[in-house]
Amino acid sequence: MSKRIRQKLGKYYLRRRLRGKVLLSKVTSFSCYQQNHQEKTCTTARKFIRNNNIQPPCLITVLKISGSEEKFFLSKKGLFSYKYAIENHKLFSPEIASVAS
């Protein structure tokens, strides 16, 4: 693959991710704290969703004990990582568009 083609593909992926971030910025967001190291962050997010009766679509930010954070996107289809939701935002756009308008 030539250098020029790689540059064009890189610009395409950047634009796609930017569109995904803009789309996901329109949904409500919540944050929670990880209680112990034995639990995975997705388990912490699922417990938070279940205990607070949170309805999709929304963003869940889990603050880890180590100080870092991990984001998840809750849709009607399930719980996805934030990075996956940004890169594949076209899968979730009808759901988000109905809430945003």
# chains A, B, ... in the order shown; residues from 1 in each chain; ligands from 1
>>> residues_around(residues="A:Cys42", least_positions_apart="6", cutoff="10 Å", atoms="only C-alpha atoms", output="mmCIF file with N, CA and C atoms, in the first residue's frame")
data_model
loop_
_atom_site.group_PDB
_atom_site.id
_atom_site.type_symbol
_atom_site.label_atom_id
_atom_site.label_comp_id
_atom_site.auth_asym_id
_atom_site.auth_seq_id
_atom_site.Cartn_x
_atom_site.Cartn_y
_atom_site.Cartn_z
ATOM 1 N N GLN A 34 -15.300 2.323 40.962
ATOM 2 C CA GLN A 34 -14.997 0.912 41.142
ATOM 3 C C GLN A 34 -14.678 0.691 42.621
ATOM 4 N N PHE A 48 -24.023 -0.768 38.403
ATOM 5 C CA PHE A 48 -24.502 0.603 38.521
ATOM 6 C C PHE A 48 -25.783 0.803 37.715
ATOM 7 N N ILE A 60 -21.611 5.585 30.418
ATOM 8 C CA ILE A 60 -21.240 5.290 31.790
ATOM 9 C C ILE A 60 -19.723 5.424 31.896
ATOM 10 N N VAL A 62 -16.626 4.769 34.353
ATOM 11 C CA VAL A 62 -16.212 4.067 35.564
ATOM 12 C C VAL A 62 -14.839 4.582 35.956
ATOM 13 N N GLU A 70 -12.613 4.435 32.546
ATOM 14 C CA GLU A 70 -13.006 3.660 31.372
ATOM 15 C C GLU A 70 -14.462 3.991 31.075
ATOM 16 N N LYS A 71 -14.765 4.195 29.786
ATOM 17 C CA LYS A 71 -16.115 4.593 29.392
ATOM 18 C C LYS A 71 -16.816 3.465 28.661
ATOM 19 N N PHE A 72 -18.149 3.418 28.847
ATOM 20 C CA PHE A 72 -18.991 2.434 28.192
ATOM 21 C C PHE A 72 -20.214 3.131 27.627
ATOM 22 N N LEU A 79 -24.200 -3.414 26.296
ATOM 23 C CA LEU A 79 -23.170 -2.520 26.815
ATOM 24 C C LEU A 79 -21.920 -2.668 25.956
ATOM 25 N N PHE A 80 -21.439 -1.559 25.417
ATOM 26 C CA PHE A 80 -20.290 -1.569 24.518
ATOM 27 C C PHE A 80 -19.223 -0.615 25.045
ATOM 28 N N SER A 81 -17.982 -0.878 24.673
ATOM 29 C CA SER A 81 -16.922 0.054 25.045
ATOM 30 C C SER A 81 -17.107 1.345 24.249
#
>>> select_by_dssp(residues="stretch 45-83 of chain A", states="alpha helix (DSSP H)", output="PyMOL selection string")
chain A and resi 45-52+82-83
>>> select_by_dssp(residues="chain A", states="strand (DSSP E)", output="PyMOL selection string")
chain A and resi 28-33+58-63+69-75+78-81
>>> write_last_selection(atoms="N, CA, C and O atoms", output="compact mmCIF listing (two decimals), in the first residue's frame")
# COMPACT_ATOMS: atom_id res chain seq x y z
N THR A 28 -27.08 11.31 27.51
CA THR A 28 -26.79 11.59 28.92
C THR A 28 -25.62 10.72 29.39
O THR A 28 -25.38 9.65 28.85
N SER A 29 -24.92 11.20 30.40
CA SER A 29 -23.78 10.44 30.91
C SER A 29 -23.86 10.34 32.43
O SER A 29 -24.38 11.23 33.11
N PHE A 30 -23.34 9.24 32.95
CA PHE A 30 -23.30 8.96 34.38
C PHE A 30 -21.89 8.53 34.73
O PHE A 30 -21.14 8.07 33.88
N SER A 31 -21.54 8.63 36.00
CA SER A 31 -20.23 8.14 36.43
C SER A 31 -20.39 7.36 37.72
O SER A 31 -21.28 7.64 38.53
N CYS A 32 -19.52 6.38 37.91
CA CYS A 32 -19.53 5.56 39.11
C CYS A 32 -18.09 5.20 39.46
O CYS A 32 -17.19 5.38 38.66
N TYR A 33 -17.90 4.70 40.67
CA TYR A 33 -16.57 4.35 41.16
C TYR A 33 -16.44 2.85 41.31
O TYR A 33 -17.36 2.18 41.77
N CYS A 58 -27.10 5.80 26.91
CA CYS A 58 -26.35 6.67 27.81
C CYS A 58 -24.90 6.24 27.86
O CYS A 58 -24.54 5.15 27.41
N LEU A 59 -24.06 7.11 28.41
CA LEU A 59 -22.64 6.83 28.61
C LEU A 59 -22.40 6.60 30.09
O LEU A 59 -22.92 7.34 30.93
N ILE A 60 -21.61 5.58 30.42
CA ILE A 60 -21.24 5.29 31.79
C ILE A 60 -19.72 5.42 31.90
O ILE A 60 -18.99 4.77 31.16
N THR A 61 -19.25 6.26 32.81
CA THR A 61 -17.83 6.41 33.05
C THR A 61 -17.51 5.75 34.39
O THR A 61 -18.09 6.11 35.41
N VAL A 62 -16.63 4.77 34.35
CA VAL A 62 -16.21 4.07 35.56
C VAL A 62 -14.84 4.58 35.96
O VAL A 62 -13.88 4.46 35.20
N LEU A 63 -14.75 5.18 37.13
CA LEU A 63 -13.48 5.67 37.65
C LEU A 63 -12.83 4.54 38.44
O LEU A 63 -13.37 4.07 39.43
N GLU A 69 -9.81 6.08 34.09
CA GLU A 69 -11.24 5.89 33.86
C GLU A 69 -11.47 5.08 32.59
O GLU A 69 -10.63 5.05 31.70
N GLU A 70 -12.61 4.43 32.55
CA GLU A 70 -13.01 3.66 31.37
C GLU A 70 -14.46 3.99 31.08
O GLU A 70 -15.29 4.07 31.99
N LYS A 71 -14.77 4.20 29.79
CA LYS A 71 -16.11 4.59 29.39
C LYS A 71 -16.82 3.46 28.66
O LYS A 71 -16.20 2.70 27.93
N PHE A 72 -18.15 3.42 28.85
CA PHE A 72 -18.99 2.43 28.19
C PHE A 72 -20.21 3.13 27.63
O PHE A 72 -20.65 4.16 28.14
N PHE A 73 -20.77 2.55 26.57
CA PHE A 73 -21.99 3.06 25.96
C PHE A 73 -23.08 2.02 26.14
O PHE A 73 -22.92 0.87 25.73
N LEU A 74 -24.18 2.40 26.76
CA LEU A 74 -25.32 1.51 26.94
C LEU A 74 -26.34 1.79 25.86
O LEU A 74 -26.84 2.92 25.74
N SER A 75 -26.63 0.79 25.06
CA SER A 75 -27.67 0.92 24.03
C SER A 75 -28.72 -0.15 24.28
O SER A 75 -28.59 -0.96 25.19
N GLY A 78 -27.12 -3.57 24.09
CA GLY A 78 -26.21 -4.04 25.12
C GLY A 78 -25.23 -2.97 25.57
O GLY A 78 -25.39 -1.79 25.26
N LEU A 79 -24.20 -3.41 26.30
CA LEU A 79 -23.17 -2.52 26.81
C LEU A 79 -21.92 -2.67 25.96
O LEU A 79 -21.41 -3.77 25.78
N PHE A 80 -21.44 -1.56 25.42
CA PHE A 80 -20.29 -1.57 24.52
C PHE A 80 -19.22 -0.62 25.04
O PHE A 80 -19.54 0.35 25.73
N SER A 81 -17.98 -0.88 24.67
CA SER A 81 -16.92 0.05 25.04
C SER A 81 -17.11 1.35 24.25
O SER A 81 -17.66 1.35 23.15
>>> residues_around(residues="A:Val27", least_positions_apart="2", cutoff="10 Å", atoms="only C-alpha atoms", output="list in words")
Val22, Leu23, Leu24, Ser25, Ser29, Pro56, Pro57, Cys58, Leu59, Phe73, Ile96, Ala97, Val99 and Ala100 of chain A
>>> residues_around(residues="A:Ile86", least_positions_apart="2", cutoff="8 Å", atoms="only C-alpha atoms", output="list in words")
Arg17, Leu18, Arg19, Gly20, Lys21, Leu24, Tyr82, Lys83, Tyr84, Asn88 and His89 of chain A
>>> write_last_selection(atoms="N, CA and C atoms", output="PDB file, in the first residue's frame")
ATOM      1  N   ARG A  17     -14.220   8.895  13.420  1.00  0.00           N
ATOM      2  CA  ARG A  17     -14.198   8.941  14.886  1.00  0.00           C
ATOM      3  C   ARG A  17     -14.750  10.262  15.405  1.00  0.00           C
ATOM      4  N   LEU A  18     -14.447  11.354  14.718  1.00  0.00           N
ATOM      5  CA  LEU A  18     -14.954  12.653  15.138  1.00  0.00           C
ATOM      6  C   LEU A  18     -16.479  12.687  15.052  1.00  0.00           C
ATOM      7  N   ARG A  19     -17.040  12.145  13.981  1.00  0.00           N
ATOM      8  CA  ARG A  19     -18.496  12.091  13.844  1.00  0.00           C
ATOM      9  C   ARG A  19     -19.102  11.253  14.967  1.00  0.00           C
ATOM     10  N   GLY A  20     -18.431  10.163  15.316  1.00  0.00           N
ATOM     11  CA  GLY A  20     -18.905   9.312  16.399  1.00  0.00           C
ATOM     12  C   GLY A  20     -18.890  10.028  17.738  1.00  0.00           C
ATOM     13  N   LYS A  21     -17.834  10.787  18.012  1.00  0.00           N
ATOM     14  CA  LYS A  21     -17.758  11.539  19.270  1.00  0.00           C
ATOM     15  C   LYS A  21     -18.848  12.599  19.346  1.00  0.00           C
ATOM     16  N   LEU A  24     -22.168  10.787  20.058  1.00  0.00           N
ATOM     17  CA  LEU A  24     -22.283  10.277  21.425  1.00  0.00           C
ATOM     18  C   LEU A  24     -22.298  11.389  22.470  1.00  0.00           C
ATOM     19  N   TYR A  82     -16.641   2.421  24.820  1.00  0.00           N
ATOM     20  CA  TYR A  82     -16.783   3.740  24.207  1.00  0.00           C
ATOM     21  C   TYR A  82     -16.064   3.796  22.864  1.00  0.00           C
ATOM     22  N   LYS A  83     -14.889   3.193  22.803  1.00  0.00           N
ATOM     23  CA  LYS A  83     -14.108   3.199  21.572  1.00  0.00           C
ATOM     24  C   LYS A  83     -14.855   2.465  20.447  1.00  0.00           C
ATOM     25  N   TYR A  84     -15.458   1.322  20.761  1.00  0.00           N
ATOM     26  CA  TYR A  84     -16.227   0.575  19.763  1.00  0.00           C
ATOM     27  C   TYR A  84     -17.422   1.402  19.288  1.00  0.00           C
ATOM     28  N   ASN A  88     -18.047   2.611  15.413  1.00  0.00           N
ATOM     29  CA  ASN A  88     -19.203   2.026  14.734  1.00  0.00           C
ATOM     30  C   ASN A  88     -20.473   2.808  15.066  1.00  0.00           C
ATOM     31  N   HIS A  89     -20.383   4.123  15.035  1.00  0.00           N
ATOM     32  CA  HIS A  89     -21.497   4.962  15.445  1.00  0.00           C
ATOM     33  C   HIS A  89     -22.719   4.829  14.544  1.00  0.00           C
TER      34      HIS A  89
END
>>> closest_residue(among="A:Glu95, A:Gln35, A:Lys64, A:Lys90", to="A:Lys77", atoms="only C-alpha atoms")
A:Glu95
>>> closest_residue(among="A:Tyr13, A:Phe92, A:Ser98, A:Thr41", to="A:Ser66", atoms="only C-alpha atoms")
A:Thr41
>>> closest_residue(among="A:His37, A:Lys26, A:Lys76, A:Lys11", to="A:Ile54", atoms="only C-alpha atoms")
A:Lys76
>>> atom_distance(atom1="atom CA of A:Gln38", atom2="atom CA of A:Ile65")
11.0 Å
>>> atom_distance(atom1="atom CA of A:Gly67", atom2="atom CA of A:Arg46")
19.7 Å
